[in-house]
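One file, my_file_30.cif, is given below (mmCIF, C-alpha atoms and all ligand atoms).
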data_structure
loop_
_atom_site.label_atom_id
_atom_site.label_comp_id
_atom_site.auth_asym_id
_atom_site.auth_seq_id
_atom_site.Cartn_x
_atom_site.Cartn_y
_atom_site.Cartn_z
CA MET A 1 -28.88 8.18 31.48
CA LEU A 2 -25.35 6.74 31.16
CA GLU A 3 -26.40 4.65 28.17
CA LEU A 4 -27.72 7.82 26.55
CA GLU A 5 -24.47 9.72 27.18
CA HIS A 6 -22.43 6.78 25.93
CA SER A 7 -24.34 6.64 22.67
CA THR A 8 -24.14 10.44 22.28
CA TRP A 9 -20.36 10.60 21.82
CA LYS A 10 -20.35 7.51 19.61
CA ARG A 11 -22.99 9.12 17.46
CA SER A 12 -21.01 12.37 17.31
CA LEU A 13 -17.98 10.40 16.14
CA SER A 14 -20.02 8.59 13.50
CA THR A 15 -21.12 11.92 11.96
CA ALA A 16 -17.54 13.25 11.68
CA ILE A 17 -16.49 14.48 8.23
CA ARG A 18 -14.29 11.92 6.47
CA ASP A 19 -13.66 13.41 3.04
CA VAL A 20 -12.26 16.72 1.92
CA GLU A 21 -15.08 17.49 -0.54
CA THR A 22 -17.65 17.48 2.30
CA LEU A 23 -15.35 19.60 4.46
CA VAL A 24 -14.86 22.20 1.73
CA ARG A 25 -18.61 22.26 0.91
CA ALA A 26 -19.61 22.61 4.58
CA LEU A 27 -17.39 25.71 4.88
CA GLU A 28 -18.59 27.13 1.54
CA LEU A 29 -15.07 27.19 0.10
CA PRO A 30 -14.15 26.98 -3.62
CA ALA A 31 -13.86 23.38 -4.86
CA GLU A 32 -10.16 23.82 -5.77
CA TRP A 33 -9.30 23.60 -2.07
CA ALA A 34 -10.44 19.98 -2.26
CA ALA A 35 -8.47 19.32 -5.47
CA ASN A 36 -5.30 20.51 -3.68
CA ALA A 37 -5.72 17.70 -1.14
CA THR A 38 -5.79 14.65 -3.41
CA GLU A 39 -2.21 13.48 -2.82
CA ALA A 40 -2.14 14.19 0.92
CA VAL A 41 -5.27 12.18 1.82
CA LYS A 42 -3.82 9.01 0.29
CA SER A 43 -1.46 8.59 3.27
CA PHE A 44 -3.47 10.34 6.00
CA PRO A 45 -7.23 10.68 5.57
CA VAL A 46 -9.47 13.57 6.56
CA LEU A 47 -11.26 13.31 9.90
CA VAL A 48 -13.08 16.27 11.46
CA PRO A 49 -15.86 16.03 14.10
CA ARG A 50 -18.88 18.29 13.56
CA SER A 51 -18.33 20.07 16.89
CA PHE A 52 -14.84 21.17 15.77
CA LEU A 53 -16.21 22.15 12.35
CA ALA A 54 -18.85 24.35 14.01
CA ARG A 55 -16.04 26.45 15.55
CA MET A 56 -14.55 27.32 12.11
CA ARG A 57 -15.42 30.47 10.15
CA ILE A 58 -17.55 29.87 7.06
CA GLY A 59 -15.87 30.98 3.83
CA ASP A 60 -12.39 31.51 5.34
CA PRO A 61 -9.77 29.17 3.83
CA HIS A 62 -7.21 30.51 6.35
CA ASP A 63 -9.28 29.72 9.43
CA PRO A 64 -6.80 28.52 12.12
CA LEU A 65 -8.87 25.44 12.99
CA LEU A 66 -9.33 24.49 9.35
CA ARG A 67 -5.59 24.81 8.72
CA GLN A 68 -4.99 22.11 11.36
CA VAL A 69 -7.17 19.56 9.53
CA LEU A 70 -7.25 20.50 5.82
CA PRO A 71 -4.86 18.39 3.69
CA VAL A 72 -2.65 20.44 1.37
CA ILE A 73 -0.22 19.64 -1.43
CA GLU A 74 2.80 20.66 0.72
CA GLU A 75 2.36 17.45 2.73
CA SER A 76 3.65 15.52 -0.29
CA PHE A 77 6.92 17.48 -0.51
CA SER A 78 9.94 15.87 1.11
CA GLN A 79 12.15 18.19 3.17
CA PRO A 80 15.63 17.41 4.55
CA GLY A 81 15.47 16.63 8.27
CA PHE A 82 11.76 15.72 8.26
CA VAL A 83 11.44 11.98 8.85
CA VAL A 84 8.85 9.29 9.56
CA ASP A 85 9.68 8.74 13.26
CA ALA A 86 10.98 12.15 14.37
CA VAL A 87 10.72 11.42 18.11
CA ASP A 88 12.29 7.94 17.92
CA ASP A 89 9.21 6.13 19.26
CA GLN A 90 10.43 2.80 17.88
CA ALA A 91 13.69 2.98 19.88
CA ALA A 92 11.64 3.58 23.05
CA ARG A 93 9.32 0.55 22.50
CA LYS A 94 9.82 -1.86 25.43
CA ALA A 95 6.93 -4.24 24.61
CA PRO A 96 3.94 -4.19 22.24
CA GLY A 97 2.15 -0.89 22.94
CA LEU A 98 4.61 0.21 25.65
CA LEU A 99 7.03 3.13 25.20
CA GLN A 100 9.47 4.41 27.82
CA LYS A 101 11.56 7.50 27.21
CA TYR A 102 11.82 9.01 30.68
CA GLN A 103 12.39 7.81 34.25
CA SER A 104 9.41 6.88 36.47
CA ARG A 105 6.72 7.02 33.77
CA VAL A 106 5.76 4.89 30.78
CA LEU A 107 3.36 5.42 27.90
CA LEU A 108 0.78 2.99 26.55
CA ILE A 109 -0.41 3.32 22.95
CA ALA A 110 -3.95 2.63 24.17
CA ALA A 111 -5.73 3.28 20.87
CA GLY A 112 -4.67 3.35 17.25
CA ALA A 113 -6.94 6.13 16.05
CA CYS A 114 -8.05 9.66 16.93
CA ALA A 115 -11.30 11.58 16.58
CA VAL A 116 -9.50 14.15 14.44
CA ASN A 117 -6.60 13.85 12.04
CA CYS A 118 -4.26 16.78 12.72
CA ARG A 119 -2.16 17.36 9.63
CA TYR A 120 0.96 18.16 11.74
CA CYS A 121 0.59 14.95 13.82
CA PHE A 122 3.86 13.62 15.27
CA ARG A 123 2.52 10.05 15.00
CA ARG A 124 0.91 10.31 11.56
CA HIS A 125 3.21 7.51 10.31
CA TYR A 126 3.07 5.37 13.52
CA PRO A 127 2.54 1.61 12.82
CA TYR A 128 -0.61 1.35 15.00
CA GLY A 129 -1.53 -1.95 13.31
CA GLU A 130 1.30 -3.65 15.27
CA GLU A 131 0.00 -2.58 18.70
CA PRO A 132 -2.38 -4.46 21.08
CA LYS A 133 -6.11 -4.38 20.40
CA ARG A 134 -7.73 -6.60 23.09
CA LEU A 135 -7.12 -6.39 26.84
CA ASP A 136 -5.29 -9.74 26.81
CA ASP A 137 -2.85 -8.38 24.23
CA TRP A 138 -1.73 -5.82 26.82
CA GLU A 139 -0.39 -8.42 29.23
CA PRO A 140 3.29 -8.29 28.07
CA ALA A 141 3.27 -4.49 28.50
CA LEU A 142 1.51 -4.70 31.87
CA ALA A 143 3.91 -7.42 33.03
CA ALA A 144 6.86 -5.19 32.07
CA ILE A 145 5.40 -2.35 34.17
CA GLU A 146 4.83 -4.80 37.04
CA ARG A 147 8.48 -5.83 36.96
CA ASP A 148 9.76 -2.24 37.29
CA PRO A 149 9.03 -0.67 40.69
CA THR A 150 10.62 2.63 39.61
CA VAL A 151 7.58 3.34 37.39
CA HIS A 152 4.95 5.40 39.23
CA GLU A 153 2.93 6.90 36.40
CA VAL A 154 1.27 5.46 33.30
CA ILE A 155 0.35 7.75 30.41
CA LEU A 156 -2.50 6.55 28.22
CA SER A 157 -1.85 7.93 24.75
CA GLY A 158 -2.21 6.83 21.17
CA GLY A 159 -3.95 7.70 18.95
CA ASP A 160 -6.49 8.89 21.47
CA PRO A 161 -7.11 6.72 24.55
CA LEU A 162 -10.57 8.23 25.11
CA LEU A 163 -11.70 6.53 21.91
CA LEU A 164 -11.76 3.35 24.00
CA PRO A 165 -15.36 2.64 25.05
CA ASP A 166 -16.02 3.21 28.77
CA ASP A 167 -16.05 -0.52 29.59
CA ARG A 168 -12.70 -1.24 27.89
CA LEU A 169 -11.12 1.86 29.35
CA GLY A 170 -12.48 0.84 32.76
CA ARG A 171 -11.00 -2.66 32.51
CA LEU A 172 -7.60 -1.27 31.49
CA ILE A 173 -7.64 1.19 34.41
CA GLU A 174 -8.66 -1.61 36.83
CA ARG A 175 -5.75 -3.72 35.62
CA LEU A 176 -3.34 -0.80 36.13
CA GLU A 177 -4.74 -0.21 39.63
CA GLN A 178 -3.60 -3.73 40.54
CA ILE A 179 0.04 -2.71 40.04
CA GLU A 180 0.99 -1.54 43.53
CA HIS A 181 3.84 0.81 42.68
CA LEU A 182 1.70 2.89 40.29
CA THR A 183 0.28 6.06 41.85
CA ARG A 184 -0.78 8.23 38.89
CA LEU A 185 -2.72 7.81 35.66
CA ARG A 186 -2.21 10.46 33.01
CA ILE A 187 -4.47 10.68 29.98
CA HIS A 188 -3.31 12.49 26.85
CA SER A 189 -6.41 13.28 24.81
CA ARG A 190 -7.69 15.75 22.24
CA LEU A 191 -11.28 14.47 22.59
CA PRO A 192 -12.35 17.05 25.22
CA ILE A 193 -11.41 19.66 22.57
CA VAL A 194 -12.70 18.12 19.34
CA LEU A 195 -15.45 15.75 20.57
CA PRO A 196 -16.49 17.32 23.90
CA ASP A 197 -19.44 15.03 24.62
CA ARG A 198 -16.86 12.26 25.31
CA VAL A 199 -16.49 13.97 28.72
CA ASN A 200 -19.53 12.19 30.13
CA ALA A 201 -20.60 11.19 33.64
CA GLU A 202 -19.21 7.66 33.33
CA LEU A 203 -15.76 8.90 32.32
CA ILE A 204 -15.71 11.40 35.18
CA ASP A 205 -16.75 8.65 37.64
CA GLN A 206 -14.09 6.26 36.31
CA LEU A 207 -11.36 8.84 36.83
CA ARG A 208 -12.61 10.16 40.16
CA ASN A 209 -13.11 6.70 41.66
CA SER A 210 -9.76 5.30 40.59
CA ARG A 211 -7.13 4.52 43.21
CA LEU A 212 -4.70 6.24 40.84
CA GLN A 213 -4.49 10.04 40.84
CA PRO A 214 -5.78 11.12 37.42
CA VAL A 215 -4.18 13.91 35.39
CA MET A 216 -5.77 14.98 32.10
CA VAL A 217 -3.58 16.57 29.43
CA VAL A 218 -5.64 18.00 26.57
CA HIS A 219 -4.41 19.52 23.30
CA ALA A 220 -5.74 22.84 22.00
CA ASN A 221 -3.76 25.20 19.79
CA HIS A 222 -5.95 28.24 19.18
CA PRO A 223 -8.42 30.27 21.31
CA GLN A 224 -11.22 29.63 18.81
CA GLU A 225 -11.16 25.99 19.99
CA ILE A 226 -12.04 26.93 23.58
CA GLN A 227 -15.69 27.89 23.33
CA GLY A 228 -19.19 26.41 23.54
CA ASP A 229 -19.36 22.67 24.25
CA CYS A 230 -15.56 22.42 24.47
CA ALA A 231 -15.36 25.08 27.20
CA GLU A 232 -18.17 23.28 29.06
CA ALA A 233 -16.39 19.91 28.86
CA LEU A 234 -13.16 21.43 30.20
CA ARG A 235 -15.03 23.15 33.06
CA LEU A 236 -16.69 19.83 33.92
CA LEU A 237 -13.33 18.05 34.12
CA VAL A 238 -11.82 20.76 36.28
CA ARG A 239 -14.83 21.13 38.59
CA SER A 240 -14.90 17.37 39.03
CA GLY A 241 -11.50 17.69 40.66
CA ILE A 242 -9.41 16.31 37.78
CA PRO A 243 -6.19 18.31 37.27
CA THR A 244 -6.28 19.37 33.63
CA LEU A 245 -3.35 20.76 31.62
CA ASN A 246 -3.02 21.83 28.00
CA GLN A 247 -0.23 21.18 25.56
CA ALA A 248 -0.19 23.12 22.31
CA VAL A 249 2.03 22.89 19.25
CA LEU A 250 3.48 26.08 17.77
CA LEU A 251 2.13 26.04 14.21
CA ARG A 252 2.75 28.45 11.36
CA GLY A 253 -0.49 30.04 10.20
CA VAL A 254 -2.39 28.79 13.27
CA ASN A 255 -1.00 30.27 16.50
CA ASP A 256 2.35 31.92 15.63
CA SER A 257 1.25 35.33 16.91
CA VAL A 258 1.27 36.76 20.41
CA GLU A 259 -2.43 37.63 20.08
CA ALA A 260 -3.42 34.02 19.32
CA LEU A 261 -1.24 32.53 22.07
CA ALA A 262 -2.19 35.08 24.73
CA SER A 263 -5.87 34.60 23.99
CA LEU A 264 -5.47 30.80 24.05
CA CYS A 265 -3.75 30.90 27.46
CA GLU A 266 -6.36 33.26 28.90
CA ARG A 267 -9.28 31.18 27.69
CA LEU A 268 -7.66 28.06 29.14
CA ILE A 269 -7.08 29.71 32.50
CA ASP A 270 -10.64 31.06 32.51
CA VAL A 271 -12.01 27.49 32.36
CA GLY A 272 -9.47 26.27 34.92
CA VAL A 273 -7.02 24.53 32.55
CA MET A 274 -3.30 25.22 33.06
CA PRO A 275 -1.17 25.99 29.98
CA TYR A 276 1.61 23.39 30.28
CA TYR A 277 3.74 23.03 27.16
CA LEU A 278 4.10 24.90 23.89
CA HIS A 279 5.88 22.38 21.68
CA GLN A 280 8.15 23.18 18.80
CA LEU A 281 6.93 21.08 15.88
CA ASP A 282 8.35 17.57 15.73
CA ARG A 283 10.08 17.25 12.37
CA VAL A 284 7.79 14.63 10.88
CA ALA A 285 7.68 13.97 7.12
CA GLY A 286 4.86 15.99 5.51
CA THR A 287 4.65 18.71 8.17
CA ALA A 288 7.48 21.15 7.27
CA HIS A 289 5.01 23.87 6.18
CA PHE A 290 3.87 24.17 9.81
CA GLU A 291 7.30 24.82 11.31
CA VAL A 292 8.00 28.06 13.21
CA PRO A 293 11.67 28.91 14.00
CA GLU A 294 12.71 28.44 17.63
CA ALA A 295 13.84 32.09 17.77
CA THR A 296 10.25 33.15 16.96
CA GLY A 297 8.94 30.80 19.64
CA LEU A 298 11.24 32.44 22.20
CA GLU A 299 10.11 35.93 21.18
CA LEU A 300 6.48 34.89 21.51
CA ILE A 301 7.06 33.47 25.00
CA ALA A 302 8.86 36.69 26.03
CA GLU A 303 5.84 38.70 24.86
CA LEU A 304 3.45 36.37 26.71
CA ARG A 305 5.43 36.95 29.93
CA LYS A 306 4.78 40.69 29.58
CA ARG A 307 1.05 40.23 29.04
CA LEU A 308 0.06 37.33 31.29
CA PRO A 309 0.52 36.20 34.89
CA GLY A 310 3.40 33.76 35.19
CA TYR A 311 1.14 30.75 35.81
CA ALA A 312 -0.55 31.34 32.44
CA VAL A 313 2.65 31.11 30.34
CA PRO A 314 3.46 27.64 28.95
CA GLN A 315 6.97 26.27 28.76
CA LEU A 316 8.45 26.24 25.24
CA VAL A 317 9.92 22.77 24.65
CA ARG A 318 11.22 20.50 21.96
CA GLU A 319 11.33 16.72 22.07
CA VAL A 320 14.86 15.59 21.31
CA ALA A 321 15.19 11.86 20.67
CA GLY A 322 17.30 10.20 23.37
CA GLU A 323 17.09 13.07 25.89
CA LEU A 324 15.84 12.20 29.40
CA SER A 325 13.09 14.84 29.41
CA LYS A 326 11.47 17.34 27.08
CA THR A 327 14.13 19.95 26.27
CA PRO A 328 13.29 23.56 27.23
CA VAL A 329 14.06 25.90 24.32
CA SER A 330 16.38 28.71 25.33
CA SER A 331 18.46 31.25 23.44
CA ARG A 332 21.50 29.00 24.04
CA SER A 333 19.82 25.95 22.45
CA LEU A 334 18.54 27.52 19.22
CA THR A 335 18.64 25.07 16.32
CA ASP A 336 17.31 27.34 13.56
S1 LIG A 401 -4.97 14.18 18.32
FE1 LIG A 401 -2.74 14.01 18.64
S2 LIG A 401 -2.22 11.90 18.04
FE2 LIG A 401 -4.28 12.39 17.19
S3 LIG A 401 -3.93 13.17 15.11
FE3 LIG A 401 -3.97 14.95 16.47
S4 LIG A 401 -1.83 15.29 17.07
FE4 LIG A 401 -1.96 13.22 16.22
#

Could you take the file, read its structure, and then write that structure out as structure tokens?
Ligand code: SF4
Amino acid sequence: MLELEHSTWKRSLSTAIRDVETLVRALELPAEWAANATEAVKSFPVLVPRSFLARMRIGDPHDPLLRQVLPVIEESFSQPGFVVDAVDDQAARKAPGLLQKYQSRVLLIAAGACAVNCRYCFRRHYPYGEEPKRLDDWEPALAAIERDPTVHEVILSGGDPLLLPDDRLGRLIERLEQIEHLTRLRIHSRLPIVLPDRVNAELIDQLRNSRLQPVMVVHANHPQEIQGDCAEALRLLVRSGIPTLNQAVLLRGVNDSVEALASLCERLIDVGVMPYYLHQLDRVAGTAHFEVPEATGLELIAELRKRLPGYAVPQLVREVAGELSKTPVSSRSLTD
């Protein structure tokens, strides 16, 4: 049974769309949408799992899920203020694969790839090739965590840490469990959204049986993502007792309307997932066409407060390099 489930998500990943012509054909769009992508795919290829594709509208070039994954010519334009490492990851690198920006928690770049390539990605230029691949390569990072008793939480990130096969993920978690002062394991993953069959029995068992308290943080931006197999995977995580939160990015043309955000928050709550953060876009080179002004973000949050219970409204934040936490956006901190 477990073997079957294991091979299911691997097979789903192997059938993902990896070129723009196939993506455009599958959605019955005019071929010029593919021609518009030629420059952009040179630096960041197309990657779209079939499950995510199945939630897009056929024939609609403005579909909000398609917009997140379709390369466009604007990615090649340089814009002042949009840089390669917008969140200063390299300054936070304490050892190969280990980043620390905030007190009491550290982040491991556990995998160098994702199951989907989001065009607005804050790590689309990250030098993943320089990070550890085998478990042994992690030892300097693990030793650094061992030496610092103020660290209580490890965040597995990437790339997407759930692209690690169950056995490798299991061995990494076991190694972390040996570090006495760790109490929590957070996983940042978009796989439950874009490749839902990754949420299999073995993964659930690994997380439930760990000495470390697991916290899952998924990443969905639009209500159309939370349906079918994705909604089932999220329900399974939640009903298995794993606290599950969502972080979204405020994206022009995707979710910059109160209708889209309210519906996203309601669908999340209805499957038991707590809306956590709504991020202002990190100013990464090639993503300027996605940016929404902070003032608009604040207006949207104010509207959400009128429509939704307080627990369903995410916090609007921006990551500011060098700050000791994510920075809440308020009318006093507007940068636009
Ligand atoms: S899942 Fe996250 S890390 Fe991966 S491409 Fe999308 S935004 Fe980037």

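Counting from CA of Thr38 (chain A), the distance to CA of Arg283 (chain A) is 22.5 Å.
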
As a VMD selection string, please: the residues near region 41-48 of chain A (cut-off 12 Å, only C-alpha atoms, same-chain neighbours under 5 positions excluded). chain A and resid 12 to 24 26 34 to 36 53 to 56 65 to 76 113 to 121 123 to 126 191 193 to 195 285 to 287

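Among A:Pro132, A:Ser104, A:Asp167, A:Pro64, the residue with the shortest atom-to-atom distance to Gln224 (chain A), counting all atoms listed in the file, is A:Pro64.
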
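Distances to Gln103 (chain A) were evaluated for A:Glu131, A:Glu28, A:Glu139, A:Glu323 using all atoms listed in the file, and the minimum falls at A:Glu323.
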
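Using all atoms listed in the file, the shortest contact distance between ligand LIG 401 (chain A) and any of A:Leu234, A:Leu156, A:Ile226, A:Ile242 is found at A:Leu156.
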
As lines of an AutoDock Vina configuration file, please: the centre and edge lengths in Å, to one decimal, of an axis-aligned box enclosing every listed atom of region 158-163 of chain A with 8 Å added on each side.
center_x = -7.0
center_y = 7.7
center_z = 22.0
size_x = 25.5
size_y = 18.4
size_z = 22.2

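The space separating CA of Leu107 (chain A) from CA of Leu203 (chain A) comes to 19.9 Å.
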
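In terms of minimum interatomic distance to ligand LIG 401 (chain A), A:Arg190 ranks closest within A:Arg190, A:Arg208, A:Lys326, A:His152, counting all atoms listed in the file.
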
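Non-sequential neighbours of Gln206 (chain A) (distance at most 9 Å, separation of 2 or more positions within a chain, all atoms listed in the file) are A:Asp166, A:Leu169, A:Gly170, A:Ile173, A:Ala201, A:Glu202, A:Leu203, A:Ile204, A:Arg208, A:Asn209, A:Ser210.
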
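If you measure from each of A:Leu245, A:Leu281, A:Ile269, A:Val215 to ligand LIG 401 (chain A) using only C-alpha atoms and all ligand atoms, the closest one turns out to be A:Leu281.
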
For region 260-263 of chain A, work out the shell of residues within 12 Å, counting all atoms listed in the file and skipping chain neighbours fewer than 3 positions away, then give it as a ChimeraX atom specification. /A:64-65,220-227,247-257,266-270,275,277-278,297,299-310,312-314,316

Supply region 301-311 of chain A as a compact mmCIF listing (two decimals), keeping the file's coordinate frame, with all heavy atoms built in where the input has gaps.
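Just written: out.txt:
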# COMPACT_ATOMS: atom_id res chain seq x y z
N ILE A 301 7.14 33.75 23.56
CA ILE A 301 7.06 33.47 25.00
C ILE A 301 7.44 34.73 25.79
O ILE A 301 6.80 35.05 26.81
CB ILE A 301 7.98 32.28 25.37
CG1 ILE A 301 7.44 30.98 24.76
CG2 ILE A 301 8.14 32.16 26.89
CD1 ILE A 301 6.17 30.43 25.38
N ALA A 302 8.45 35.46 25.33
CA ALA A 302 8.86 36.69 26.03
C ALA A 302 7.71 37.70 26.03
O ALA A 302 7.45 38.36 27.05
CB ALA A 302 10.10 37.29 25.35
N GLU A 303 6.99 37.79 24.92
CA GLU A 303 5.84 38.70 24.86
C GLU A 303 4.72 38.23 25.79
O GLU A 303 4.05 39.03 26.45
CB GLU A 303 5.31 38.80 23.42
CG GLU A 303 6.12 39.73 22.54
CD GLU A 303 6.21 41.14 23.10
OE1 GLU A 303 5.18 41.71 23.48
OE2 GLU A 303 7.34 41.67 23.16
N LEU A 304 4.50 36.90 25.82
CA LEU A 304 3.45 36.37 26.71
C LEU A 304 3.76 36.72 28.17
O LEU A 304 2.86 37.03 28.94
CB LEU A 304 3.33 34.84 26.58
CG LEU A 304 2.76 34.29 25.28
CD1 LEU A 304 2.66 32.77 25.35
CD2 LEU A 304 1.39 34.88 24.98
N ARG A 305 5.05 36.65 28.54
CA ARG A 305 5.43 36.95 29.93
C ARG A 305 5.07 38.38 30.29
O ARG A 305 4.75 38.67 31.44
CB ARG A 305 6.94 36.74 30.13
CG ARG A 305 7.29 35.29 30.16
CD ARG A 305 8.52 35.00 31.05
NE ARG A 305 8.82 33.59 30.94
CZ ARG A 305 9.68 33.08 30.06
NH1 ARG A 305 10.36 33.88 29.26
NH2 ARG A 305 9.87 31.78 29.99
N LYS A 306 5.13 39.29 29.29
CA LYS A 306 4.78 40.69 29.58
C LYS A 306 3.28 40.83 29.77
O LYS A 306 2.82 41.69 30.50
CB LYS A 306 5.23 41.59 28.42
CG LYS A 306 6.72 41.73 28.28
CD LYS A 306 7.03 42.67 27.12
CE LYS A 306 8.45 42.48 26.62
NZ LYS A 306 8.64 43.03 25.27
N ARG A 307 2.50 40.02 29.06
CA ARG A 307 1.05 40.23 29.04
C ARG A 307 0.27 39.42 30.07
O ARG A 307 -0.85 39.78 30.43
CB ARG A 307 0.49 39.84 27.67
CG ARG A 307 0.98 40.72 26.56
CD ARG A 307 0.14 40.46 25.32
NE ARG A 307 0.71 41.17 24.17
CZ ARG A 307 0.06 41.40 23.06
NH1 ARG A 307 -1.18 40.97 22.92
NH2 ARG A 307 0.64 42.05 22.07
N LEU A 308 0.85 38.28 30.50
CA LEU A 308 0.06 37.33 31.29
C LEU A 308 0.70 37.09 32.65
O LEU A 308 1.92 37.22 32.79
CB LEU A 308 -0.04 35.99 30.56
CG LEU A 308 -0.69 35.99 29.18
CD1 LEU A 308 -0.58 34.61 28.55
CD2 LEU A 308 -2.16 36.40 29.27
N PRO A 309 -0.10 36.66 33.63
CA PRO A 309 0.52 36.20 34.89
C PRO A 309 1.41 34.98 34.61
O PRO A 309 1.15 34.22 33.68
CB PRO A 309 -0.68 35.82 35.76
CG PRO A 309 -1.85 35.72 34.86
CD PRO A 309 -1.55 36.54 33.63
N GLY A 310 2.42 34.83 35.43
CA GLY A 310 3.40 33.76 35.19
C GLY A 310 2.78 32.39 35.05
O GLY A 310 3.21 31.58 34.22
N TYR A 311 1.72 32.11 35.86
CA TYR A 311 1.14 30.75 35.81
C TYR A 311 0.43 30.48 34.49
O TYR A 311 0.09 29.33 34.19
CB TYR A 311 0.20 30.52 36.99
CG TYR A 311 -1.00 31.44 37.04
CD1 TYR A 311 -2.12 31.20 36.26
CD2 TYR A 311 -1.01 32.55 37.88
CE1 TYR A 311 -3.22 32.04 36.30
CE2 TYR A 311 -2.11 33.40 37.93
CZ TYR A 311 -3.21 33.14 37.14
OH TYR A 311 -4.29 33.97 37.18
